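Student: input12.cif is reproduced below (mmCIF, C-alpha atoms).
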data_model
loop_
_atom_site.label_atom_id
_atom_site.label_comp_id
_atom_site.auth_asym_id
_atom_site.auth_seq_id
_atom_site.Cartn_x
_atom_site.Cartn_y
_atom_site.Cartn_z
CA MET A 1 -62.23 114.23 39.41
CA SER A 2 -61.95 111.42 36.92
CA LEU A 3 -60.28 112.14 33.61
CA GLU A 4 -61.86 111.78 30.22
CA LEU A 5 -59.96 112.06 26.97
CA PHE A 6 -61.59 114.32 24.43
CA SER A 7 -61.28 113.76 20.71
CA ARG A 8 -58.96 116.13 18.94
CA THR A 9 -60.80 119.30 18.04
CA GLY A 10 -58.25 120.75 15.69
CA ARG A 11 -55.01 120.10 13.89
CA ARG A 12 -52.00 122.04 15.04
CA VAL A 13 -50.20 123.31 11.97
CA ALA A 14 -46.58 122.27 11.73
CA GLY A 15 -44.29 124.69 13.53
CA LEU A 16 -42.07 127.34 12.02
CA ALA A 17 -38.34 127.04 12.71
CA VAL A 18 -36.63 130.35 13.43
CA ALA A 19 -34.17 129.62 16.23
CA ALA A 20 -30.41 129.57 15.73
CA GLY A 21 -27.28 130.79 17.35
CA LEU A 22 -25.94 131.07 20.86
CA ALA A 23 -25.58 127.95 23.04
CA LEU A 24 -25.55 128.22 26.81
CA ALA A 25 -26.52 125.61 29.42
CA GLY A 26 -27.83 123.35 26.66
CA ALA A 27 -30.21 125.86 25.07
CA VAL A 28 -29.96 127.48 21.65
CA MET A 29 -31.44 130.91 20.90
CA SER A 30 -31.51 133.43 18.10
CA ALA A 31 -29.89 136.87 18.13
CA PRO A 32 -31.83 139.63 19.93
CA SER A 33 -34.59 141.52 18.17
CA SER A 34 -37.37 143.96 19.03
CA ASP A 35 -39.88 142.54 21.48
CA ALA A 36 -42.68 144.94 20.57
CA LEU A 37 -45.03 145.17 17.64
CA PRO A 38 -44.04 147.84 15.09
CA PRO A 39 -45.05 151.51 15.45
CA GLN A 40 -48.16 153.25 14.21
CA PRO A 41 -49.16 153.99 10.58
CA GLY A 42 -46.84 156.25 8.66
CA GLN A 43 -43.86 154.32 10.03
CA VAL A 44 -44.72 150.82 8.75
CA PRO A 45 -45.35 149.46 5.24
CA HIS A 46 -48.94 149.76 4.04
CA ILE A 47 -51.31 149.12 1.16
CA ASN A 48 -54.91 150.24 0.58
CA PHE A 49 -58.28 148.54 0.35
CA GLY A 50 -58.84 147.46 -3.25
CA ASP A 51 -55.13 147.07 -4.04
CA GLN A 52 -54.31 143.98 -6.07
CA ASN A 53 -51.12 141.93 -5.96
CA ARG A 54 -49.09 144.58 -4.13
CA ALA A 55 -45.62 143.39 -3.07
CA VAL A 56 -44.78 144.49 0.48
CA GLY A 57 -41.71 143.01 2.09
CA GLN A 58 -41.70 139.25 1.56
CA VAL A 59 -45.41 138.93 0.77
CA ARG A 60 -47.85 139.99 -1.95
CA LEU A 61 -51.27 141.12 -0.81
CA SER A 62 -54.58 141.62 -2.55
CA VAL A 63 -57.29 143.13 -0.36
CA GLY A 64 -60.86 143.88 -1.37
CA ASN A 65 -63.21 146.44 0.12
CA PRO A 66 -65.09 145.49 3.30
CA GLN A 67 -68.76 144.66 2.74
CA GLN A 68 -71.72 144.19 5.01
CA VAL A 69 -73.16 140.66 4.85
CA GLY A 70 -76.78 140.18 5.82
CA ASP A 71 -76.91 141.06 9.50
CA ALA A 72 -75.70 144.61 10.13
CA ASP A 73 -73.08 143.33 12.60
CA ILE A 74 -71.37 141.01 10.11
CA HIS A 75 -68.75 142.32 7.67
CA GLU A 76 -66.33 140.49 5.43
CA VAL A 77 -63.37 141.29 3.23
CA TYR A 78 -61.78 139.10 0.57
CA VAL A 79 -57.99 138.76 0.69
CA LYS A 80 -55.23 136.94 -1.13
CA VAL A 81 -51.76 136.39 0.33
CA CYS A 82 -48.72 135.06 -1.56
CA ASN A 83 -45.45 134.04 0.08
CA THR A 84 -42.44 135.43 -1.78
CA ALA A 85 -39.92 134.44 0.91
CA THR A 86 -37.93 131.22 1.15
CA ARG A 87 -39.51 130.17 4.46
CA ALA A 88 -43.04 129.04 5.27
CA LEU A 89 -45.52 131.81 6.05
CA PRO A 90 -48.39 131.46 8.56
CA VAL A 91 -51.58 132.94 7.08
CA GLY A 92 -55.19 133.01 8.23
CA PRO A 93 -57.72 134.81 10.46
CA ASP A 94 -55.09 134.82 13.22
CA THR A 95 -52.69 136.90 11.09
CA PHE A 96 -55.12 139.70 10.15
CA SER A 97 -56.69 142.29 12.43
CA TRP A 98 -59.35 144.95 11.94
CA THR A 99 -59.86 148.32 13.59
CA TYR A 100 -62.94 150.51 14.00
CA ARG A 101 -61.85 154.12 14.54
CA ASN A 102 -59.61 154.31 17.60
CA TYR A 103 -61.86 152.18 19.75
CA SER A 104 -60.34 148.71 19.47
CA THR A 105 -58.44 146.30 17.27
CA TRP A 106 -59.54 142.69 16.92
CA LEU A 107 -58.43 139.51 15.22
CA PHE A 108 -60.89 138.14 12.70
CA LEU A 109 -63.28 135.35 13.63
CA PRO A 110 -62.42 131.78 12.66
CA HIS A 111 -64.26 130.76 9.51
CA ASP A 112 -67.53 129.19 10.65
CA GLY A 113 -69.43 128.65 7.41
CA LEU A 114 -71.13 132.07 7.31
CA ILE A 115 -69.05 133.08 4.31
CA ARG A 116 -68.24 130.76 1.44
CA ASP A 117 -64.54 130.23 0.72
CA GLY A 118 -63.37 131.53 4.08
CA LEU A 119 -59.65 131.99 4.67
CA THR A 120 -58.41 129.40 7.19
CA ASN A 121 -55.19 129.17 9.18
CA THR A 122 -52.46 127.46 7.20
CA PHE A 123 -48.75 127.54 6.47
CA LEU A 124 -47.85 128.65 2.94
CA ALA A 125 -44.73 127.21 1.38
CA SER A 126 -42.49 129.50 -0.63
CA GLY A 127 -44.29 130.63 -3.81
CA GLU A 128 -47.73 129.51 -2.63
CA CYS A 129 -50.85 131.68 -2.26
CA ALA A 130 -54.00 131.48 -0.17
CA GLU A 131 -57.21 133.43 -0.58
CA GLY A 132 -60.66 133.68 0.98
CA SER A 133 -62.98 135.82 3.07
CA LEU A 134 -62.29 137.16 6.55
CA VAL A 135 -65.28 137.70 8.83
CA ALA A 136 -65.69 140.35 11.54
CA SER A 137 -68.59 140.99 13.90
CA GLY A 138 -69.56 144.10 15.82
CA ALA A 139 -68.61 147.15 13.77
CA GLN A 140 -67.58 148.39 10.35
CA ILE A 141 -64.05 147.48 9.22
CA GLU A 142 -62.26 150.80 8.74
CA GLN A 143 -58.64 149.68 8.86
CA MET A 144 -56.80 146.36 8.76
CA ALA A 145 -53.34 144.94 9.37
CA PHE A 146 -51.47 141.81 8.32
CA TYR A 147 -48.90 140.29 10.70
CA ASP A 148 -45.83 138.39 9.56
CA LEU A 149 -45.32 136.05 12.52
CA ARG A 150 -41.91 134.98 11.21
CA THR A 151 -40.42 138.37 11.99
CA ASN A 152 -43.11 139.94 14.25
CA THR A 153 -43.74 142.77 11.80
CA ARG A 154 -46.95 144.39 10.61
CA ILE A 155 -48.27 145.64 7.27
CA ASP A 156 -51.15 148.11 7.51
CA ILE A 157 -54.13 148.00 5.19
CA LEU A 158 -55.67 151.46 5.16
CA PRO A 159 -58.65 153.19 3.53
CA ALA A 160 -57.61 154.61 0.16
CA THR A 161 -58.16 158.25 1.14
CA GLU A 162 -56.01 161.21 2.02
CA TRP A 163 -56.76 160.39 5.67
CA GLU A 164 -55.08 157.01 5.58
CA GLY A 165 -53.31 156.13 8.78
CA ILE A 166 -55.33 158.34 11.12
CA PHE A 167 -56.50 155.40 13.24
CA ASN A 168 -54.27 153.70 15.77
CA VAL A 169 -53.67 150.00 15.20
CA ASP A 170 -53.57 148.66 18.75
CA TYR A 171 -52.56 145.16 19.85
CA ALA A 172 -55.15 142.90 18.27
CA ARG A 173 -57.46 141.21 20.79
CA ALA A 174 -58.65 137.64 20.25
CA PRO A 175 -62.46 137.25 20.28
CA GLY A 176 -63.52 135.65 23.56
CA ALA A 177 -60.23 136.26 25.40
CA SER A 178 -60.62 137.73 28.89
CA GLY A 179 -57.12 139.11 29.49
CA VAL A 180 -56.85 137.17 32.78
CA HIS A 181 -53.63 135.17 33.13
CA GLY A 182 -54.21 131.46 32.71
CA ASP A 183 -57.85 131.78 31.59
CA PHE A 184 -58.40 129.55 28.57
CA THR A 185 -62.22 129.47 28.68
CA GLY A 186 -63.12 133.17 28.83
CA ASP A 187 -64.74 133.21 32.29
CA LYS A 188 -62.04 135.38 33.96
CA LEU A 189 -60.82 132.49 36.14
CA ALA A 190 -57.55 130.70 35.47
CA ASP A 191 -57.71 127.10 34.28
CA VAL A 192 -55.33 124.17 34.69
CA ASN A 193 -53.64 122.70 31.63
CA GLY A 194 -52.48 119.11 31.53
CA VAL A 195 -50.81 116.77 29.05
CA VAL A 196 -52.61 113.47 28.48
CA GLY A 197 -51.38 111.13 25.78
CA GLY A 198 -49.69 113.91 23.82
CA ASN A 199 -52.76 116.19 23.95
CA ILE A 200 -52.82 119.47 25.86
CA MET A 201 -56.06 119.52 27.84
CA THR A 202 -57.83 122.34 29.68
CA TYR A 203 -59.50 121.74 33.04
CA ARG A 204 -61.83 124.61 33.77
CA SER A 205 -61.89 126.27 37.17
CA THR A 206 -65.34 126.86 38.63
CA GLY A 207 -63.94 128.47 41.76
CA PRO A 208 -61.75 126.35 42.14
CA VAL A 209 -63.39 122.97 41.35
CA LEU A 210 -62.03 121.68 38.04
CA VAL A 211 -64.11 120.18 35.24
CA THR A 212 -62.72 118.78 32.02
CA HIS A 213 -63.24 121.39 29.31
CA GLY A 214 -61.56 119.73 26.34
CA ASN A 215 -58.58 119.62 24.06
CA THR A 216 -56.99 122.98 23.26
CA GLY A 217 -56.31 121.82 19.71
CA ALA A 218 -52.58 122.34 20.31
CA THR A 219 -51.70 118.91 18.92
CA GLY A 220 -49.08 117.51 16.57
CA TYR A 221 -46.03 117.92 18.80
CA GLY A 222 -45.41 114.20 19.09
CA SER A 223 -44.14 113.69 22.63
CA ILE A 224 -44.31 116.65 25.02
CA SER A 225 -41.73 116.82 27.79
CA TRP A 226 -42.77 120.15 29.42
CA ILE A 227 -45.41 122.87 29.20
CA GLY A 228 -45.64 126.27 30.87
CA LYS A 229 -47.99 129.24 30.76
CA ALA A 230 -45.95 131.92 29.01
CA GLY A 231 -48.21 134.87 29.74
CA ASP A 232 -49.77 136.91 26.94
CA VAL A 233 -46.71 137.01 24.71
CA ASP A 234 -48.44 138.41 21.61
CA GLN A 235 -50.68 140.73 23.69
CA ASN A 236 -53.97 139.49 22.24
CA ALA A 237 -55.54 139.09 25.74
CA ALA A 238 -55.10 135.29 25.73
CA THR A 239 -52.44 133.41 27.71
CA ASP A 240 -49.98 131.56 25.49
CA LEU A 241 -48.07 128.33 26.17
CA LEU A 242 -44.45 127.31 25.94
CA VAL A 243 -44.14 123.68 24.87
CA ARG A 244 -40.98 121.55 24.80
CA ASP A 245 -41.14 118.54 22.52
CA GLY A 246 -39.30 115.27 22.93
CA SER A 247 -36.31 116.45 20.89
CA GLY A 248 -35.68 119.48 23.12
CA LYS A 249 -37.17 122.07 20.75
CA MET A 250 -39.13 124.86 22.44
CA TRP A 251 -42.32 126.17 20.85
CA LEU A 252 -44.45 129.22 21.52
CA GLN A 253 -48.03 127.98 21.17
CA ARG A 254 -50.18 131.04 20.58
CA MET A 255 -53.69 130.83 22.03
CA GLN A 256 -56.69 132.75 20.72
CA GLY A 257 -59.30 132.65 23.47
CA LYS A 258 -62.13 130.18 24.14
CA ASN A 259 -59.69 127.25 24.35
CA ARG A 260 -58.59 127.64 20.72
CA ALA A 261 -54.99 127.15 19.64
CA GLY A 262 -53.44 129.43 17.03
CA PHE A 263 -50.11 129.15 15.25
CA SER A 264 -47.02 127.75 16.94
CA THR A 265 -43.50 129.06 16.44
CA GLN A 266 -40.23 127.36 17.29
CA VAL A 267 -38.37 129.67 19.67
CA GLY A 268 -35.40 127.55 20.73
CA THR A 269 -33.60 124.22 20.53
CA GLY A 270 -31.38 122.20 22.83
CA PHE A 271 -33.65 122.45 25.87
CA GLN A 272 -33.53 118.72 26.61
CA GLY A 273 -30.64 119.53 28.99
CA VAL A 274 -32.77 121.99 31.01
CA ASP A 275 -34.48 119.62 33.43
CA LEU A 276 -36.44 122.05 35.64
CA MET A 277 -38.34 125.01 34.20
CA THR A 278 -41.08 127.48 34.99
CA VAL A 279 -42.35 130.72 33.42
CA ILE A 280 -42.71 133.90 35.45
CA PRO A 281 -45.38 135.93 33.59
CA ARG A 282 -44.69 139.66 33.26
CA GLU A 283 -46.38 142.38 31.21
CA SER A 284 -43.01 143.72 30.06
CA GLY A 285 -41.77 140.30 28.91
CA SER A 286 -42.10 136.97 30.68
CA TRP A 287 -39.08 135.13 32.07
CA LEU A 288 -38.40 131.45 31.47
CA ILE A 289 -36.40 130.15 34.44
CA GLY A 290 -34.56 126.85 34.01
CA ARG A 291 -31.86 124.69 35.56
CA GLY A 292 -29.19 123.78 33.04
CA ALA A 293 -27.21 120.56 32.77
CA ASP A 294 -24.44 122.25 34.76
CA GLY A 295 -26.74 122.65 37.79
CA HIS A 296 -26.90 126.45 37.47
CA LEU A 297 -30.11 128.47 37.17
CA TYR A 298 -30.70 130.55 34.03
CA ARG A 299 -33.18 133.21 32.97
CA TYR A 300 -34.43 133.60 29.39
CA THR A 301 -36.65 136.42 28.10
CA VAL A 302 -39.72 135.21 26.19
CA THR A 303 -40.48 137.15 22.99
CA PRO A 304 -42.92 136.41 20.13
CA THR A 305 -40.09 135.02 17.97
CA TRP A 306 -37.45 133.50 20.27
CA LEU A 307 -36.02 133.07 23.76
CA ARG A 308 -33.17 135.48 24.33
CA GLN A 309 -30.94 137.25 26.86
CA THR A 310 -29.69 134.17 28.68
CA THR A 311 -28.44 135.15 32.15
CA ARG A 312 -27.21 132.96 34.99
CA ILE A 313 -29.06 133.90 38.18
CA GLY A 314 -28.07 131.04 40.50
CA HIS A 315 -25.60 128.21 40.97
CA ASN A 316 -25.59 124.74 42.54
CA TRP A 317 -29.33 124.09 42.23
CA GLN A 318 -28.90 120.30 42.24
CA LYS A 319 -30.89 119.96 45.49
CA VAL A 320 -34.06 121.41 43.94
CA THR A 321 -36.72 118.95 42.71
CA LYS A 322 -39.64 121.24 41.74
CA LEU A 323 -39.70 124.76 40.29
CA PHE A 324 -42.82 126.95 39.87
CA THR A 325 -44.30 130.39 40.53
CA VAL A 326 -47.51 131.97 41.80
CA GLY A 327 -46.56 135.44 40.65
CA ASP A 328 -45.99 137.94 43.44
CA ALA A 329 -45.70 135.77 46.54
CA ASN A 330 -44.58 138.38 49.10
CA GLY A 331 -46.58 141.47 48.17
CA ASP A 332 -43.77 143.65 46.78
CA GLY A 333 -45.30 143.81 43.31
CA ILE A 334 -42.62 141.63 41.68
CA PRO A 335 -43.27 137.98 40.79
CA ASP A 336 -41.20 135.46 42.72
CA LEU A 337 -39.86 131.94 42.30
CA LEU A 338 -40.89 128.94 44.40
CA ALA A 339 -38.93 125.68 44.71
CA VAL A 340 -39.12 122.36 46.55
CA HIS A 341 -35.84 120.90 47.83
CA LYS A 342 -34.94 117.23 48.18
CA ASP A 343 -35.65 117.35 51.92
CA GLY A 344 -39.27 118.36 51.20
CA ARG A 345 -38.97 122.00 52.24
CA LEU A 346 -40.67 124.70 50.17
CA PHE A 347 -38.70 127.90 49.56
CA ARG A 348 -39.59 131.31 48.20
CA TYR A 349 -36.88 133.03 46.17
CA THR A 350 -37.56 136.77 46.10
CA MET A 351 -36.95 138.22 42.64
CA THR A 352 -35.90 141.75 41.77
CA ALA A 353 -37.29 143.83 38.91
CA GLN A 354 -34.07 143.03 37.01
CA GLY A 355 -34.72 139.28 37.24
CA THR A 356 -32.14 138.37 39.88
CA ILE A 357 -32.68 136.59 43.21
CA SER A 358 -32.31 138.82 46.26
CA SER A 359 -33.24 136.53 49.17
CA THR A 360 -34.45 133.06 50.13
CA THR A 361 -37.10 132.12 52.70
CA ALA A 362 -38.41 128.70 53.79
CA ILE A 363 -42.24 128.82 53.74
CA GLY A 364 -43.22 125.16 54.12
CA HIS A 365 -42.18 121.56 54.62
CA GLY A 366 -43.42 118.03 53.87
CA TRP A 367 -43.57 118.48 50.11
CA GLY A 368 -41.35 115.50 49.28
CA SER A 369 -44.22 113.19 48.24
CA THR A 370 -45.69 115.69 45.79
CA LEU A 371 -45.43 114.52 42.18
CA GLN A 372 -46.30 117.76 40.39
CA ILE A 373 -46.82 121.39 41.43
CA ALA A 374 -47.98 124.34 39.34
CA GLY A 375 -49.20 127.91 39.73
CA PRO A 376 -51.86 128.09 36.99
CA GLY A 377 -53.13 131.56 37.96
CA ASP A 378 -56.06 132.89 39.96
CA LEU A 379 -58.43 129.92 40.35
CA ASP A 380 -60.92 131.48 42.78
CA GLY A 381 -61.23 135.08 41.55
CA ASP A 382 -59.59 136.96 44.42
CA GLY A 383 -56.85 138.46 42.25
CA ARG A 384 -53.99 136.27 43.54
CA HIS A 385 -52.36 133.35 41.77
CA ASP A 386 -53.01 130.04 43.52
CA MET A 387 -51.25 126.68 43.56
CA VAL A 388 -52.27 123.12 42.66
CA ALA A 389 -50.40 119.90 43.38
CA VAL A 390 -50.72 116.23 42.46
CA ARG A 391 -49.74 113.87 45.27
CA SER A 392 -48.45 110.32 45.00
CA ASP A 393 -51.98 108.86 45.32
CA GLY A 394 -53.14 110.78 42.24
CA LYS A 395 -55.29 113.26 44.16
CA LEU A 396 -55.25 116.90 43.09
CA TYR A 397 -55.11 119.59 45.78
CA PHE A 398 -55.82 123.31 45.70
CA TYR A 399 -53.82 125.79 47.79
CA HIS A 400 -55.39 129.24 48.17
CA HIS A 401 -52.81 132.02 48.09
CA ASN A 402 -53.54 134.25 51.08
CA GLY A 403 -51.49 137.21 49.83
CA ARG A 404 -49.06 137.12 52.74
CA GLY A 405 -46.47 134.87 51.15
CA SER A 406 -48.11 131.65 52.33
CA PHE A 407 -51.01 129.35 51.46
CA ALA A 408 -54.18 128.12 53.12
CA PRO A 409 -54.44 124.41 54.05
CA ALA A 410 -54.79 122.00 51.15
CA ARG A 411 -58.22 121.28 49.73
CA GLN A 412 -58.76 118.23 47.53
CA ILE A 413 -60.42 119.14 44.23
CA GLY A 414 -59.80 116.05 42.11
CA HIS A 415 -58.57 112.47 41.83
CA GLY A 416 -57.23 110.22 39.11
CA TRP A 417 -54.47 112.62 38.09
CA LEU A 418 -51.72 110.00 37.80
CA GLY A 419 -52.66 109.80 34.12
CA VAL A 420 -51.80 113.47 33.59
CA GLN A 421 -48.11 113.57 32.69
CA LEU A 422 -47.61 117.34 33.05
CA ILE A 423 -49.59 120.23 34.54
CA ALA A 424 -49.37 124.01 34.21
#
Go ahead and express the file in the form of structure tokens.
Tutor:
Amino acid sequence: MSLELFSRTGRRVAGLAVAAGLALAGAVMSAPSSDALPPQPGQVPHINFGDQNRAVGQVRLSVGNPQQVGDADIHEVYVKVCNTATRALPVGPDTFSWTYRNYSTWLFLPHDGLIRDGLTNTFLASGECAEGSLVASGAQIEQMAFYDLRTNTRIDILPATEWEGIFNVDYARAPGASGVHGDFTGDKLADVNGVVGGNIMTYRSTGPVLVTHGNTGATGYGSISWIGKAGDVDQNAATDLLVRDGSGKMWLQRMQGKNRAGFSTQVGTGFQGVDLMTVIPRESGSWLIGRGADGHLYRYTVTPTWLRQTTRIGHNWQKVTKLFTVGDANGDGIPDLLAVHKDGRLFRYTMTAQGTISSTTAIGHGWGSTLQIAGPGDLDGDGRHDMVAVRSDGKLYFYHHNGRGSFAPARQIGHGWLGVQLIA
């Protein structure tokens, strides 16, 4: 497969700095906080449709009444958001959700010209306001919510009746997202991400042949020194990315389905000293595994606002040259860690549910000439995460995961990958 650079399809909004605090193995994280979205109505702040300039927390909200627009499936609501805090506030279709009864909760559609003066994703400085229409398709808007991504809190917008709060606000799903780990294109097959010239590209799996799909729009990082698939951190059914920039800052790049990047949030600093990393995706909170400057192996818990709970899970990892995962590699239901040693042997490190390493098994050899290895997810639709590798000649190979802790023989699925600096 030859590579083709796509023009940038979107501008990544400047990131939001929230990390501070504890230093360990070269990484800086914030103090612990709740990993989950807030509870149901009646226990979170709320306003009503039609309320104007209501102050709730560190924002002021004005929300109109939902109206049908032309086609019966299209509804819109006009909103205004003002930032009363001292820090920048992310605002746009990706920070509002809508609910129809108890059936489902969705993020609003990106503004596509259907409605004049649509609200677009932006960062508001302190004291600034943004206003415009939000567009939904498929059902009547009966309840809404606004999400403050700085603190991972929610403000409910409820019908102004005595029955307010009767509907459950579930995790908001991104339109077009499949819920399959690593799927950026919505076809229920994982895709491969690569960094080319500072752009994060998506290479679509067609079972498992890869075709260039385009730029994710996750641009503006400057130099990128590592990327990893973080799992669905914000639980919107789209796999998110962790991105380390050239200064060692770590960012959570939220994805919104159909290869569209959402807001990014700084979740750590000082990661330039962590030279090997991979993310083990988990529904109850993904783990970032990294080798620190001291040669020890550390585990960090990935949350929507920061990396936390640093724990040392191994020591003297200086002989390891590659670190990655294919999820559950031995069939025990717990995702595992894979590593290539300097002598070219491939090892499986069996993980426990608590995130520690319980045993080590050699499962291959001859991997010394491999430049890059990644476990992007299930590339062929059999329910198991597979592996891809770039060899020294620039050819890309696919390794089918057979479900017994090993892989089928390599199959070449591309060439010309020496120009891809990083893969995930």
Student: List, as number ranges by chain, every residue that the PyMOL selection byres ((chain A and resi 127-139) around 8) selects in the file provided.
Tutor: A: 73-85, 91, 93, 98, 100, 108-111, 115-120, 124-126, 140-141
Student: Which residue gives the smallest distance to A:Gly344 among A:Tyr399, A:Phe271, A:Trp367, A:Tyr103, with only C-alpha atoms counted?
Tutor: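 Of all the options, A:Trp367 lies closest to A:Gly344.
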Student: With the file shown as input, list the residues that the PyMOL selection byres ((chain A and resi 52) around 9) selects, as a PyMOL selection string.
Tutor: chain A and resi 49-51+53-54+60-64+80
Student: For the residues selected in the previous step, produce a file with C-alpha atoms as a PDB file, in the coordinates of the input.
Tutor:
ATOM      1  CA  PHE A  49     -58.280 148.540   0.350  1.00  0.00           C
ATOM      2  CA  GLY A  50     -58.840 147.460  -3.250  1.00  0.00           C
ATOM      3  CA  ASP A  51     -55.130 147.070  -4.040  1.00  0.00           C
ATOM      4  CA  ASN A  53     -51.120 141.930  -5.960  1.00  0.00           C
ATOM      5  CA  ARG A  54     -49.090 144.580  -4.130  1.00  0.00           C
ATOM      6  CA  ARG A  60     -47.850 139.990  -1.950  1.00  0.00           C
ATOM      7  CA  LEU A  61     -51.270 141.120  -0.810  1.00  0.00           C
ATOM      8  CA  SER A  62     -54.580 141.620  -2.550  1.00  0.00           C
ATOM      9  CA  VAL A  63     -57.290 143.130  -0.360  1.00  0.00           C
ATOM     10  CA  GLY A  64     -60.860 143.880  -1.370  1.00  0.00           C
ATOM     11  CA  LYS A  80     -55.230 136.940  -1.130  1.00  0.00           C
TER      12      LYS A  80
END
Student: Using all atoms listed in the file, which protein or nucleic acid residues come within 9 Å of A:Asp234? Drop anything in the same chain fewer than 4 positions from it, and give the result as a PyMOL selection string.
Tutor: chain A and resi 36-37+171-172+238-240+254+303-304
Student: Could you give me, as number ranges by chain, the residues within 7 Å of A:Asn48, counting all atoms listed in the file and dropping anything in the same chain fewer than 5 positions from it?
Tutor: A: 157-160
Student: Assuming the chain letters and numbering stay as they are in my file, what does the PyMOL selection byres ((chain A and resi 175-188) around 8) actually select? List them as an MDAnalysis selection string.
Tutor: chainID A and resid 106:109 173:174 189:192 202 204 229 231:232 236:239 256:259 376:378 381
Student: The selected residues should be written to file as a PDB file, in the coordinates of the input (atoms: C-alpha atoms).
Tutor:
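Okay, this is what ended up in out.pdb:
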ATOM      1  CA  TRP A 106     -59.540 142.690  16.920  1.00  0.00           C
ATOM      2  CA  LEU A 107     -58.430 139.510  15.220  1.00  0.00           C
ATOM      3  CA  PHE A 108     -60.890 138.140  12.700  1.00  0.00           C
ATOM      4  CA  LEU A 109     -63.280 135.350  13.630  1.00  0.00           C
ATOM      5  CA  ARG A 173     -57.460 141.210  20.790  1.00  0.00           C
ATOM      6  CA  ALA A 174     -58.650 137.640  20.250  1.00  0.00           C
ATOM      7  CA  LEU A 189     -60.820 132.490  36.140  1.00  0.00           C
ATOM      8  CA  ALA A 190     -57.550 130.700  35.470  1.00  0.00           C
ATOM      9  CA  ASP A 191     -57.710 127.100  34.280  1.00  0.00           C
ATOM     10  CA  VAL A 192     -55.330 124.170  34.690  1.00  0.00           C
ATOM     11  CA  THR A 202     -57.830 122.340  29.680  1.00  0.00           C
ATOM     12  CA  ARG A 204     -61.830 124.610  33.770  1.00  0.00           C
ATOM     13  CA  LYS A 229     -47.990 129.240  30.760  1.00  0.00           C
ATOM     14  CA  GLY A 231     -48.210 134.870  29.740  1.00  0.00           C
ATOM     15  CA  ASP A 232     -49.770 136.910  26.940  1.00  0.00           C
ATOM     16  CA  ASN A 236     -53.970 139.490  22.240  1.00  0.00           C
ATOM     17  CA  ALA A 237     -55.540 139.090  25.740  1.00  0.00           C
ATOM     18  CA  ALA A 238     -55.100 135.290  25.730  1.00  0.00           C
ATOM     19  CA  THR A 239     -52.440 133.410  27.710  1.00  0.00           C
ATOM     20  CA  GLN A 256     -56.690 132.750  20.720  1.00  0.00           C
ATOM     21  CA  GLY A 257     -59.300 132.650  23.470  1.00  0.00           C
ATOM     22  CA  LYS A 258     -62.130 130.180  24.140  1.00  0.00           C
ATOM     23  CA  ASN A 259     -59.690 127.250  24.350  1.00  0.00           C
ATOM     24  CA  PRO A 376     -51.860 128.090  36.990  1.00  0.00           C
ATOM     25  CA  GLY A 377     -53.130 131.560  37.960  1.00  0.00           C
ATOM     26  CA  ASP A 378     -56.060 132.890  39.960  1.00  0.00           C
ATOM     27  CA  GLY A 381     -61.230 135.080  41.550  1.00  0.00           C
TER      28      GLY A 381
END
Student: Please indicate the distance in Å from atom CA of A:Val169 to atom CA of A:Val267, rounded to one decimal place.
Tutor: 25.8 Å
Student: A:Gly355: which residues within 12 Å, counting only C-alpha atoms, same-chain residues fewer than 4 positions away excluded, as a list in words?
Tutor: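 Using only C-alpha atoms, the neighbours found are Ile280, Pro281, Arg282, Ser284, Gly285, Ser286, Trp287, Leu288, Ile289, Leu297, Tyr298, Arg299, Tyr300, Thr301, Gln309, Thr310, Thr311, Arg312, Ile313, Gly314, Ile334, Pro335, Asp336, Leu337, Tyr349, Thr350 and Met351 of chain A.
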Student: Now that the selection is made, can you save its residues with C-alpha atoms as a JSON list (two decimals), keeping the file's coordinate frame?
Tutor:
[["chain", "number", "residue", "atom", "x", "y", "z"],
["A", 280, "ILE", "CA", -42.71, 133.90, 35.45],
["A", 281, "PRO", "CA", -45.38, 135.93, 33.59],
["A", 282, "ARG", "CA", -44.69, 139.66, 33.26],
["A", 284, "SER", "CA", -43.01, 143.72, 30.06],
["A", 285, "GLY", "CA", -41.77, 140.30, 28.91],
["A", 286, "SER", "CA", -42.10, 136.97, 30.68],
["A", 287, "TRP", "CA", -39.08, 135.13, 32.07],
["A", 288, "LEU", "CA", -38.40, 131.45, 31.47],
["A", 289, "ILE", "CA", -36.40, 130.15, 34.44],
["A", 297, "LEU", "CA", -30.11, 128.47, 37.17],
["A", 298, "TYR", "CA", -30.70, 130.55, 34.03],
["A", 299, "ARG", "CA", -33.18, 133.21, 32.97],
["A", 300, "TYR", "CA", -34.43, 133.60, 29.39],
["A", 301, "THR", "CA", -36.65, 136.42, 28.10],
["A", 309, "GLN", "CA", -30.94, 137.25, 26.86],
["A", 310, "THR", "CA", -29.69, 134.17, 28.68],
["A", 311, "THR", "CA", -28.44, 135.15, 32.15],
["A", 312, "ARG", "CA", -27.21, 132.96, 34.99],
["A", 313, "ILE", "CA", -29.06, 133.90, 38.18],
["A", 314, "GLY", "CA", -28.07, 131.04, 40.50],
["A", 334, "ILE", "CA", -42.62, 141.63, 41.68],
["A", 335, "PRO", "CA", -43.27, 137.98, 40.79],
["A", 336, "ASP", "CA", -41.20, 135.46, 42.72],
["A", 337, "LEU", "CA", -39.86, 131.94, 42.30],
["A", 349, "TYR", "CA", -36.88, 133.03, 46.17],
["A", 350, "THR", "CA", -37.56, 136.77, 46.10],
["A", 351, "MET", "CA", -36.95, 138.22, 42.64]]
